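Here is the file upload35.pdb (PDB, C-alpha atoms and all ligand atoms).
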```pdb
ATOM      1  CA  MET A1049      21.544  51.203 -44.843
ATOM      2  CA  ILE A1050      22.266  50.503 -48.504
ATOM      3  CA  THR A1051      20.692  52.369 -51.429
ATOM      4  CA  PHE A1052      21.072  51.841 -55.156
ATOM      5  CA  GLU A1053      19.892  54.615 -57.445
ATOM      6  CA  GLY A1054      19.708  53.918 -61.159
ATOM      7  CA  VAL A1055      22.796  51.718 -61.021
ATOM      8  CA  GLU A1056      24.140  50.418 -64.314
ATOM      9  CA  LYS A1057      27.133  48.248 -64.962
ATOM     10  CA  VAL A1058      28.498  47.521 -68.398
ATOM     11  CA  TYR A1059      31.422  45.119 -68.806
ATOM     12  CA  GLU A1060      33.569  45.219 -71.895
ATOM     13  CA  SER A1061      34.702  41.768 -72.796
ATOM     14  CA  GLY A1062      36.457  40.884 -76.064
ATOM     15  CA  GLY A1063      35.050  43.975 -77.796
ATOM     16  CA  GLN A1064      31.533  43.049 -76.624
ATOM     17  CA  LYS A1065      29.469  45.052 -74.160
ATOM     18  CA  VAL A1066      27.692  43.112 -71.434
ATOM     19  CA  HIS A1067      24.954  45.039 -69.614
ATOM     20  CA  ALA A1068      25.121  43.287 -66.246
ATOM     21  CA  LEU A1069      22.994  45.867 -64.375
ATOM     22  CA  ASN A1070      20.345  47.920 -66.149
ATOM     23  CA  GLY A1071      19.090  50.601 -63.763
ATOM     24  CA  ILE A1072      18.867  49.115 -60.288
ATOM     25  CA  ASP A1073      16.857  50.987 -57.642
ATOM     26  CA  LEU A1074      16.960  49.220 -54.304
ATOM     27  CA  HIS A1075      16.791  50.299 -50.695
ATOM     28  CA  VAL A1076      17.872  48.191 -47.736
ATOM     29  CA  ASP A1077      17.072  49.678 -44.332
ATOM     30  CA  LYS A1078      19.469  49.510 -41.426
ATOM     31  CA  GLY A1079      19.132  46.179 -39.628
ATOM     32  CA  GLU A1080      17.204  44.553 -42.458
ATOM     33  CA  ILE A1081      18.001  41.212 -44.131
ATOM     34  CA  TYR A1082      17.368  41.690 -47.825
ATOM     35  CA  GLY A1083      17.553  38.783 -50.256
ATOM     36  CA  VAL A1084      18.285  39.185 -53.952
ATOM     37  CA  ILE A1085      17.129  36.197 -55.960
ATOM     38  CA  GLY A1086      17.871  35.402 -59.563
ATOM     39  CA  PHE A1087      19.075  32.793 -62.003
ATOM     40  CA  SER A1088      22.730  32.441 -62.878
ATOM     41  CA  GLY A1089      23.899  35.438 -64.940
ATOM     42  CA  ALA A1090      21.058  37.706 -63.716
ATOM     43  CA  GLY A1091      23.487  40.186 -62.152
ATOM     44  CA  LYS A1092      23.446  39.218 -58.456
ATOM     45  CA  SER A1093      27.222  39.091 -57.929
ATOM     46  CA  THR A1094      27.754  42.331 -59.820
ATOM     47  CA  LEU A1095      25.107  43.985 -57.665
ATOM     48  CA  ILE A1096      26.634  42.869 -54.398
ATOM     49  CA  ARG A1097      30.163  43.729 -55.562
ATOM     50  CA  CYS A1098      29.008  47.317 -56.165
ATOM     51  CA  VAL A1099      28.251  47.667 -52.435
ATOM     52  CA  ASN A1100      31.909  47.644 -51.487
ATOM     53  CA  PHE A1101      33.226  48.949 -54.794
ATOM     54  CA  LEU A1102      34.839  45.697 -55.858
ATOM     55  CA  GLU A1103      33.006  46.817 -59.010
ATOM     56  CA  LYS A1104      32.375  50.451 -59.842
ATOM     57  CA  PRO A1105      28.987  51.192 -61.401
ATOM     58  CA  THR A1106      29.112  52.584 -64.938
ATOM     59  CA  ALA A1107      26.255  54.930 -63.997
ATOM     60  CA  GLY A1108      24.049  55.639 -60.990
ATOM     61  CA  LYS A1109      24.816  55.878 -57.308
ATOM     62  CA  VAL A1110      25.395  53.503 -54.421
ATOM     63  CA  PHE A1111      24.954  54.824 -50.877
ATOM     64  CA  VAL A1112      26.261  52.870 -47.902
ATOM     65  CA  GLY A1113      25.260  54.206 -44.488
ATOM     66  CA  GLY A1114      23.956  57.288 -46.292
ATOM     67  CA  ARG A1115      27.294  58.074 -48.010
ATOM     68  CA  ASP A1116      27.615  58.200 -51.788
ATOM     69  CA  LEU A1117      30.545  55.874 -52.554
ATOM     70  CA  MET A1118      31.359  57.741 -55.800
ATOM     71  CA  SER A1119      32.015  60.945 -53.881
ATOM     72  CA  LEU A1120      34.490  59.411 -51.407
ATOM     73  CA  SER A1121      38.270  59.484 -51.563
ATOM     74  CA  LYS A1122      40.190  56.191 -51.727
ATOM     75  CA  ALA A1123      41.014  56.441 -48.018
ATOM     76  CA  GLU A1124      37.365  57.058 -47.166
ATOM     77  CA  ILE A1125      36.285  54.082 -49.264
ATOM     78  CA  ARG A1126      38.815  51.903 -47.433
ATOM     79  CA  ALA A1127      37.270  53.037 -44.128
ATOM     80  CA  VAL A1128      33.748  52.211 -45.378
ATOM     81  CA  LYS A1129      34.930  48.813 -46.654
ATOM     82  CA  ARG A1130      36.215  47.905 -43.225
ATOM     83  CA  LYS A1131      32.655  48.113 -41.982
ATOM     84  CA  ILE A1132      31.409  45.739 -44.652
ATOM     85  CA  GLY A1133      31.870  42.001 -44.354
ATOM     86  CA  MET A1134      31.620  39.852 -47.460
ATOM     87  CA  VAL A1135      30.816  36.204 -46.842
ATOM     88  CA  PHE A1136      31.645  34.198 -49.941
ATOM     89  CA  GLN A1137      30.327  30.780 -50.768
ATOM     90  CA  HIS A1138      33.919  29.586 -50.937
ATOM     91  CA  PHE A1139      35.839  31.540 -48.370
ATOM     92  CA  ASN A1140      39.610  31.483 -48.436
ATOM     93  CA  LEU A1141      40.998  30.620 -45.060
ATOM     94  CA  LEU A1142      44.692  30.245 -44.384
ATOM     95  CA  ASN A1143      45.308  26.528 -43.855
ATOM     96  CA  SER A1144      48.529  27.028 -42.002
ATOM     97  CA  LYS A1145      46.926  29.189 -39.343
ATOM     98  CA  THR A1146      44.592  28.444 -36.477
ATOM     99  CA  ILE A1147      40.993  29.650 -36.481
ATOM    100  CA  PHE A1148      42.015  32.316 -33.982
ATOM    101  CA  ALA A1149      44.776  33.569 -36.322
ATOM    102  CA  ASN A1150      42.436  33.558 -39.335
ATOM    103  CA  VAL A1151      39.915  35.738 -37.507
ATOM    104  CA  ALA A1152      42.685  37.957 -36.139
ATOM    105  CA  GLU A1153      44.298  38.526 -39.562
ATOM    106  CA  PRO A1154      42.136  41.469 -40.774
ATOM    107  CA  LEU A1155      42.514  43.215 -37.439
ATOM    108  CA  ALA A1156      46.296  42.710 -37.531
ATOM    109  CA  LEU A1157      46.398  44.128 -41.079
ATOM    110  CA  VAL A1158      44.956  47.424 -39.836
ATOM    111  CA  LYS A1159      47.450  47.390 -36.961
ATOM    112  CA  THR A1160      45.008  46.827 -34.105
ATOM    113  CA  PRO A1161      46.799  46.548 -30.716
ATOM    114  CA  LYS A1162      47.400  42.895 -29.710
ATOM    115  CA  ALA A1163      45.340  43.037 -26.516
ATOM    116  CA  GLU A1164      42.389  44.446 -28.425
ATOM    117  CA  ILE A1165      42.708  41.713 -31.097
ATOM    118  CA  LYS A1166      42.703  39.032 -28.430
ATOM    119  CA  GLN A1167      39.601  40.439 -26.767
ATOM    120  CA  LYS A1168      37.699  40.927 -30.022
ATOM    121  CA  VAL A1169      38.572  37.506 -31.502
ATOM    122  CA  THR A1170      37.699  35.718 -28.255
ATOM    123  CA  GLU A1171      34.367  37.537 -28.150
ATOM    124  CA  LEU A1172      33.583  36.680 -31.787
ATOM    125  CA  LEU A1173      34.549  33.014 -31.514
ATOM    126  CA  HIS A1174      32.473  32.745 -28.379
ATOM    127  CA  PHE A1175      29.527  34.269 -30.253
ATOM    128  CA  VAL A1176      29.904  31.806 -33.131
ATOM    129  CA  GLY A1177      30.403  28.762 -30.885
ATOM    130  CA  ASP A1178      31.255  25.592 -32.758
ATOM    131  CA  GLU A1179      28.912  26.257 -35.641
ATOM    132  CA  ALA A1180      31.343  27.728 -38.181
ATOM    133  CA  THR A1181      33.902  24.941 -37.779
ATOM    134  CA  SER A1182      32.005  22.009 -39.210
ATOM    135  CA  ALA A1183      31.580  21.062 -42.853
ATOM    136  CA  LEU A1184      28.800  22.574 -44.906
ATOM    137  CA  ASP A1185      26.036  20.003 -45.207
ATOM    138  CA  PRO A1186      22.352  21.010 -45.388
ATOM    139  CA  GLN A1187      22.049  20.905 -41.645
ATOM    140  CA  THR A1188      24.952  23.312 -41.208
ATOM    141  CA  THR A1189      23.579  25.570 -43.936
ATOM    142  CA  GLY A1190      20.620  25.938 -41.605
ATOM    143  CA  ASP A1191      23.000  26.618 -38.711
ATOM    144  CA  ILE A1192      24.793  29.295 -40.704
ATOM    145  CA  LEU A1193      21.519  30.966 -41.566
ATOM    146  CA  LYS A1194      20.627  30.972 -37.887
ATOM    147  CA  LEU A1195      24.038  32.451 -37.132
ATOM    148  CA  LEU A1196      23.513  35.201 -39.717
ATOM    149  CA  LYS A1197      20.145  35.959 -38.148
ATOM    150  CA  ARG A1198      21.767  36.199 -34.712
ATOM    151  CA  VAL A1199      24.481  38.510 -36.064
ATOM    152  CA  ASN A1200      21.731  40.626 -37.600
ATOM    153  CA  GLU A1201      19.636  40.759 -34.438
ATOM    154  CA  GLN A1202      22.346  41.126 -31.856
ATOM    155  CA  TYR A1203      24.539  43.655 -33.655
ATOM    156  CA  ASN A1204      21.774  45.271 -35.784
ATOM    157  CA  ILE A1205      23.824  44.507 -38.869
ATOM    158  CA  THR A1206      22.269  45.031 -42.285
ATOM    159  CA  ILE A1207      22.556  41.972 -44.544
ATOM    160  CA  LEU A1208      22.266  41.866 -48.318
ATOM    161  CA  LEU A1209      22.157  38.221 -49.328
ATOM    162  CA  ILE A1210      22.256  36.803 -52.829
ATOM    163  CA  THR A1211      20.923  33.370 -53.525
ATOM    164  CA  HIS A1212      19.047  31.244 -56.008
ATOM    165  CA  GLU A1213      17.535  29.191 -53.210
ATOM    166  CA  MET A1214      14.126  30.374 -52.131
ATOM    167  CA  ASN A1215      14.247  28.326 -48.960
ATOM    168  CA  VAL A1216      17.232  30.388 -47.821
ATOM    169  CA  ALA A1217      15.323  33.618 -48.470
ATOM    170  CA  LYS A1218      12.209  32.238 -46.798
ATOM    171  CA  GLU A1219      14.198  31.234 -43.735
ATOM    172  CA  ILE A1220      15.812  34.536 -42.794
ATOM    173  CA  CYS A1221      14.991  37.469 -45.091
ATOM    174  CA  ASP A1222      12.651  40.341 -44.287
ATOM    175  CA  LYS A1223      12.381  41.456 -47.897
ATOM    176  CA  VAL A1224      13.326  40.034 -51.272
ATOM    177  CA  ALA A1225      13.927  41.339 -54.777
ATOM    178  CA  VAL A1226      13.914  39.194 -57.898
ATOM    179  CA  ILE A1227      16.547  40.192 -60.445
ATOM    180  CA  GLU A1228      16.515  39.235 -64.111
ATOM    181  CA  LYS A1229      18.788  40.485 -66.911
ATOM    182  CA  GLY A1230      20.146  43.182 -64.596
ATOM    183  CA  ARG A1231      16.711  44.529 -63.648
ATOM    184  CA  ILE A1232      14.653  44.143 -60.515
ATOM    185  CA  ILE A1233      11.391  42.751 -61.761
ATOM    186  CA  GLU A1234       9.645  42.220 -58.443
ATOM    187  CA  SER A1235      10.260  43.117 -54.812
ATOM    188  CA  GLY A1236       8.516  43.272 -51.471
ATOM    189  CA  SER A1237       8.249  41.623 -48.080
ATOM    190  CA  VAL A1238       8.943  37.884 -48.008
ATOM    191  CA  PHE A1239       5.318  37.447 -47.088
ATOM    192  CA  ASP A1240       3.968  39.385 -50.084
ATOM    193  CA  VAL A1241       6.299  37.908 -52.690
ATOM    194  CA  PHE A1242       5.896  34.326 -51.444
ATOM    195  CA  SER A1243       2.148  34.465 -50.928
ATOM    196  CA  ALA A1244       1.359  36.204 -54.233
ATOM    197  CA  PRO A1245       4.287  36.200 -56.696
ATOM    198  CA  GLU A1246       3.478  38.273 -59.778
ATOM    199  CA  THR A1247       6.082  37.606 -62.449
ATOM    200  CA  GLU A1248       6.683  34.211 -64.038
ATOM    201  CA  THR A1249      10.268  34.203 -62.735
ATOM    202  CA  ALA A1250       9.163  34.934 -59.156
ATOM    203  CA  LYS A1251       6.494  32.251 -59.478
ATOM    204  CA  SER A1252       9.024  29.669 -60.593
ATOM    205  CA  PHE A1253      11.340  30.522 -57.688
ATOM    206  CA  VAL A1254       8.552  30.550 -55.116
ATOM    207  CA  LYS A1255       7.400  27.173 -56.397
ATOM    208  CA  SER A1256      10.535  25.562 -54.982
ATOM    209  CA  ALA A1257       9.607  26.748 -51.482
ATOM    210  CA  ILE A1258       5.805  26.843 -51.572
ATOM    211  CA  ASP A1259       3.879  25.058 -54.237
ATOM    212  CA  HIS A1260       0.953  27.249 -55.281
ATOM    213  CA  GLU A1261       0.470  25.316 -58.484
ATOM    214  CA  ILE A1262      -2.495  23.031 -58.720
ATOM    215  CA  PRO A1263      -1.309  19.586 -59.864
ATOM    216  CA  GLU A1264      -2.206  18.705 -63.422
ATOM    217  CA  SER A1265      -4.091  15.603 -62.280
ATOM    218  CA  ILE A1266      -6.527  17.871 -60.393
ATOM    219  CA  GLN A1267      -6.833  20.387 -63.216
ATOM    220  CA  LYS A1268      -7.723  17.488 -65.518
ATOM    221  CA  LEU A1269     -10.688  16.515 -63.340
ATOM    222  CA  ASN A1270     -12.656  19.303 -65.023
ATOM    223  CA  VAL A1271     -14.330  20.311 -61.777
ATOM    224  CA  LYS A1272     -16.979  23.045 -62.084
ATOM    225  CA  HIS A1273     -16.480  25.098 -58.907
ATOM    226  CA  LEU A1274     -12.774  24.941 -58.097
ATOM    227  CA  TYR A1275     -11.231  27.608 -55.842
ATOM    228  CA  GLN A1276      -7.827  28.243 -54.379
ATOM    229  CA  LEU A1277      -8.138  29.704 -50.893
ATOM    230  CA  GLN A1278      -5.279  31.487 -49.183
ATOM    231  CA  PHE A1279      -5.503  32.034 -45.503
ATOM    232  CA  VAL A1280      -3.131  33.917 -43.296
ATOM    233  CA  GLY A1281      -2.372  34.177 -39.590
ATOM    234  CA  GLU A1282      -5.446  33.664 -37.411
ATOM    235  CA  SER A1283      -7.560  32.373 -40.261
ATOM    236  CA  SER A1284      -5.138  29.435 -40.717
ATOM    237  CA  GLY A1285      -6.143  28.078 -37.326
ATOM    238  CA  LYS A1286      -9.914  28.290 -37.824
ATOM    239  CA  PRO A1287     -12.018  25.289 -38.807
ATOM    240  CA  PHE A1288     -13.675  27.459 -41.438
ATOM    241  CA  LEU A1289     -14.206  24.724 -44.032
ATOM    242  CA  SER A1290     -16.314  22.645 -41.663
ATOM    243  CA  GLN A1291     -18.215  25.833 -40.761
ATOM    244  CA  VAL A1292     -18.929  26.450 -44.443
ATOM    245  CA  ALA A1293     -20.289  22.933 -44.790
ATOM    246  CA  LYS A1294     -22.487  23.363 -41.688
ATOM    247  CA  ARG A1295     -23.830  26.820 -42.490
ATOM    248  CA  PHE A1296     -24.554  26.334 -46.163
ATOM    249  CA  ASP A1297     -26.007  23.574 -48.224
ATOM    250  CA  VAL A1298     -22.699  22.764 -49.904
ATOM    251  CA  GLU A1299     -20.202  19.937 -49.901
ATOM    252  CA  VAL A1300     -16.538  20.833 -49.544
ATOM    253  CA  ASN A1301     -14.025  18.632 -51.274
ATOM    254  CA  ILE A1302     -10.356  19.373 -50.436
ATOM    255  CA  LEU A1303      -8.140  18.508 -53.392
ATOM    256  CA  HIS A1304      -4.759  20.021 -52.630
ATOM    257  CA  GLY A1305      -3.125  22.116 -49.956
ATOM    258  CA  THR A1306      -0.063  23.321 -48.085
ATOM    259  CA  ILE A1307       0.465  25.157 -44.839
ATOM    260  CA  THR A1308       3.755  26.826 -44.072
ATOM    261  CA  GLU A1309       5.175  29.736 -42.112
ATOM    262  CA  LEU A1310       6.354  33.018 -43.617
ATOM    263  CA  GLN A1311       8.136  35.516 -41.385
ATOM    264  CA  GLY A1312       6.609  33.782 -38.381
ATOM    265  CA  ILE A1313       3.056  34.013 -39.774
ATOM    266  CA  PRO A1314       1.210  30.821 -40.714
ATOM    267  CA  PHE A1315       0.242  30.800 -44.371
ATOM    268  CA  GLY A1316      -1.998  28.220 -45.977
ATOM    269  CA  SER A1317      -3.101  27.599 -49.511
ATOM    270  CA  MET A1318      -5.863  25.133 -50.201
ATOM    271  CA  THR A1319      -7.616  24.056 -53.369
ATOM    272  CA  VAL A1320     -11.223  23.046 -52.823
ATOM    273  CA  GLU A1321     -14.193  22.043 -54.880
ATOM    274  CA  LEU A1322     -17.582  23.362 -53.760
ATOM    275  CA  GLN A1323     -20.569  21.282 -54.758
ATOM    276  CA  GLY A1324     -24.116  22.637 -54.558
ATOM    277  CA  GLU A1325     -26.562  25.163 -56.042
ATOM    278  CA  ASP A1326     -24.969  28.269 -57.568
ATOM    279  CA  GLY A1327     -26.759  30.532 -55.037
ATOM    280  CA  GLU A1328     -25.497  28.539 -52.054
ATOM    281  CA  ILE A1329     -21.977  28.505 -53.487
ATOM    282  CA  GLY A1330     -22.147  32.299 -53.941
ATOM    283  CA  ARG A1331     -23.198  32.746 -50.295
ATOM    284  CA  SER A1332     -20.445  30.369 -49.108
ATOM    285  CA  LEU A1333     -17.854  32.408 -51.005
ATOM    286  CA  GLU A1334     -19.204  35.625 -49.452
ATOM    287  CA  TYR A1335     -18.795  34.048 -46.026
ATOM    288  CA  ILE A1336     -15.256  32.854 -46.778
ATOM    289  CA  ARG A1337     -14.327  36.321 -48.053
ATOM    290  CA  ARG A1338     -15.638  37.945 -44.860
ATOM    291  CA  GLU A1339     -13.215  35.720 -42.920
ATOM    292  CA  ASN A1340     -10.377  37.513 -44.769
ATOM    293  CA  ILE A1341      -9.505  34.537 -46.878
ATOM    294  CA  ARG A1342      -8.222  35.314 -50.349
ATOM    295  CA  ILE A1343     -10.137  33.447 -53.049
ATOM    296  CA  ARG A1344      -8.907  32.677 -56.549
ATOM    297  CA  GLU A1345     -11.203  30.913 -58.967
ATOM    298  CA  VAL A1346      -9.312  28.245 -60.846
TER
HETATM  299  P1  LIG A1401      24.969  36.228 -61.221
HETATM  300  O1  LIG A1401      25.748  36.529 -59.995
HETATM  301  O2  LIG A1401      23.490  36.510 -61.052
HETATM  302  O3  LIG A1401      25.203  34.857 -61.766
HETATM  303  P2  LIG A1401      26.791  38.092 -62.561
HETATM  304  O4  LIG A1401      26.658  39.393 -61.855
HETATM  305  O5  LIG A1401      27.957  37.238 -62.221
HETATM  306  O6  LIG A1401      25.425  37.260 -62.394
HETATM  307  O7  LIG A1401      26.820  38.329 -64.145
HETATM  308  C1  LIG A1401      25.905  39.162 -64.828
HETATM  309  C2  LIG A1401      26.321  39.235 -66.296
HETATM  310  O8  LIG A1401      27.549  39.928 -66.398
HETATM  311  C3  LIG A1401      26.556  37.872 -66.939
HETATM  312  O9  LIG A1401      26.132  37.955 -68.274
HETATM  313  C4  LIG A1401      28.055  37.681 -66.850
HETATM  314  O10 LIG A1401      28.529  36.865 -67.885
HETATM  315  C5  LIG A1401      28.550  39.110 -67.008
HETATM  316  N1  LIG A1401      29.830  39.358 -66.289
HETATM  317  C6  LIG A1401      30.044  39.239 -64.956
HETATM  318  N2  LIG A1401      31.316  39.578 -64.653
HETATM  319  C7  LIG A1401      31.907  39.923 -65.817
HETATM  320  C8  LIG A1401      33.227  40.376 -66.179
HETATM  321  N3  LIG A1401      34.165  40.558 -65.244
HETATM  322  N4  LIG A1401      33.476  40.630 -67.490
HETATM  323  C9  LIG A1401      32.531  40.455 -68.430
HETATM  324  N5  LIG A1401      31.275  40.039 -68.170
HETATM  325  C10 LIG A1401      30.951  39.775 -66.880
END
```
Please re-express this file's structure in structure tokens.
Amino acid sequence: MITFEGVEKVYESGGQKVHALNGIDLHVDKGEIYGVIGFSGAGKSTLIRCVNFLEKPTAGKVFVGGRDLMSLSKAEIRAVKRKIGMVFQHFNLLNSKTIFANVAEPLALVKTPKAEIKQKVTELLHFVGDEATSALDPQTTGDILKLLKRVNEQYNITILLITHEMNVAKEICDKVAVIEKGRIIESGSVFDVFSAPETETAKSFVKSAIDHEIPESIQKLNVKHLYQLQFVGESSGKPFLSQVAKRFDVEVNILHGTITELQGIPFGSMTVELQGEDGEIGRSLEYIRRENIRIREV
């Protein structure tokens, strides 16, 4: 479990003050995968570095496993740090050593008995399989995400992940927060943030993973009754558009759409034009609404 309470971080650089974090409140439950998304310079690295005190907050509190890091002695912080793994984008492995020796190194540093090291490293390498040995191309990025998910599920390990790639967040996170200028401007379950982003920044990030935007060419058509329909879970599988056309005296013209999966739930967004009398269109919309489909007039 990780909790940030009113965390601020001010860097002093060349006589200038840089407010990297401006009052962060964030709670990550035990066993959760929490993604923090933001543009370069938003404060992501500073935030994550506060979790293991690589950076000390200027104000506010950081709790790890329920313990306030500020209140701990140096020795206690060292003990907490040992339970936190940082995976960097560019990790520094020792070239001259084997994979086994690289994994064993941190355990050797804290003077773990040799037999125990051997058992632990063998177990971990077996768990990882071959995945972590290959080069990092997009396919292996996917493999690493799967590996992180397995680590999370099998060992109930809490993961705080920073990224500017929405597809990464979409793939494995339970919840996400969007950070901008050191503030969290939007947060929630992956499903909620991806299906209905509120801020412009969240919208622009979500766009790279799910395109809610209606293409300009369609907007230019100047269609009278244009609606964006969002359907979730069961409703994604229903032939509701053909039912609308059968039940009501309307024509349904599909202009744009995507169907994807968020946290294992199908999610679809479709832009349709309804043609017909206003009354019939009103009744069709009533019917669509009753099917738990979200409607947005465009
Ligand atoms: P991100 O990881 O989202 O790119 P950072 O946390 O690295 O953002 O940076 C947030 C802000 O703090 C930026 O304006 C950056 O220039 C500044 N910053 C980060 N580290 C330092 C530092 N050690 N000294 C001075 N300014 C820093």
Next on the checklist: Using all atoms listed in the file, which residues of the polymer chains come no farther than 7 Å from ligand LIG 1401 (chain A)? I'd like the answer as a PyMOL selection string.
Outcome noted: chain A and resi 1059-1061+1066-1068+1086-1095
Next on the checklist: For region 1328-1345 of chain A, find every residue with an atom within 9 Å (counting all atoms listed in the file), except residues of its own chain fewer than 3 positions away, and show them as a VMD selection string.
Outcome noted: chain A and resid 1273 to 1280 1283 1288 to 1289 1292 to 1293 1295 to 1298 1322 to 1325
Next on the checklist: Restricting the calculation to all atoms listed in the file: of A:Asp1178, A:Glu1053, A:Glu1124, A:Asp1259, which residue gets closest to Thr1306 (chain A)?
Outcome noted: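 Nearest to Thr1306 (chain A): A:Asp1259.
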Quick one: what's the axis-aligned box for region 1262-1274 of chain A, all listed atoms, 8 Å on every side, centre and edges in Å to one decimal, as JSON?
```
{"center_x": -9.1, "center_y": 20.4, "center_z": -61.8, "size_x": 31.7, "size_y": 25.5, "size_z": 23.4}
```
Checklist entry - Written as number ranges by chain, which residues does the PyMOL selection byres (((chain A and resi 1251) around 12) and not hetatm) give for the file shown? => result A: 1085-1086, 1214, 1226, 1233-1234, 1241-1250, 1252-1261
Item to check | Which residue of A:Pro1105, A:Gly1190, A:Gly1062, A:Gly1305 approaches Ile1220 (chain A) most closely, using all atoms listed in the file | outcome: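 Once distances to Ile1220 (chain A) are computed over all atoms listed in the file, the minimum belongs to A:Gly1190.
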Checklist entry - Looking at all atoms listed in the file, which of A:Leu1303, A:Ile1096, A:Leu1074, A:Val1271 is the one that sits closest to Phe1136 (chain A)? => result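 When distances to Phe1136 (chain A) are compared using all atoms listed in the file, the smallest one comes from A:Ile1096.
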Checklist outcome for this item: Students should find that CA of His1174 (chain A) and CA of Leu1208 (chain A) are spaced 24.2 Å
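Closest approach to Val1076 (chain A) from the set A:Gly1054, A:Gly1316, A:Gly1108, A:Gly1114 is made by A:Gly1114, with distances taken over all atoms listed in the file.
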Checklist entry - Which is closer to Ala1127 (chain A) than all the others in A:Val1158, A:Val1084, A:Ala1107, A:Val1199, using all atoms listed in the file? => result A:Val1158
Checklist entry - Can you tell me, as a list in words, what residues are no more than 12 Å from Thr1051 (chain A) when counting only C-alpha atoms, ignoring any on the same chain fewer than 6 positions away? => result Ile1072, Asp1073, Leu1074, His1075, Val1076, Asp1077, Lys1078, Tyr1082, Leu1095, Ile1096, Cys1098, Val1099, Gly1108, Lys1109, Val1110, Phe1111, Val1112, Gly1113, Gly1114, Arg1115, Asp1116, Leu1117, Thr1206 and Leu1208 of chain A
Checklist entry - Which distance in Å separates CA of Ser1290 (chain A) and CA of Leu1310 (chain A), to one decimal? => result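 Interatomic distance, CA of Ser1290 (chain A) to CA of Leu1310 (chain A): 25.0 Å.
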Checklist entry - Smallest atom-to-atom distance to Asn1270 (chain A): which of A:Val1176, A:Val1055, A:Val1346, A:Ile1210, using all atoms listed in the file? => result A:Val1346
Next on the checklist: If I take CA of Ile1132 (chain A) and CA of Lys1168 (chain A), how far is one from the other in Å, to one decimal?
Outcome noted: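 Computing it gives 16.6 Å between the two atoms.
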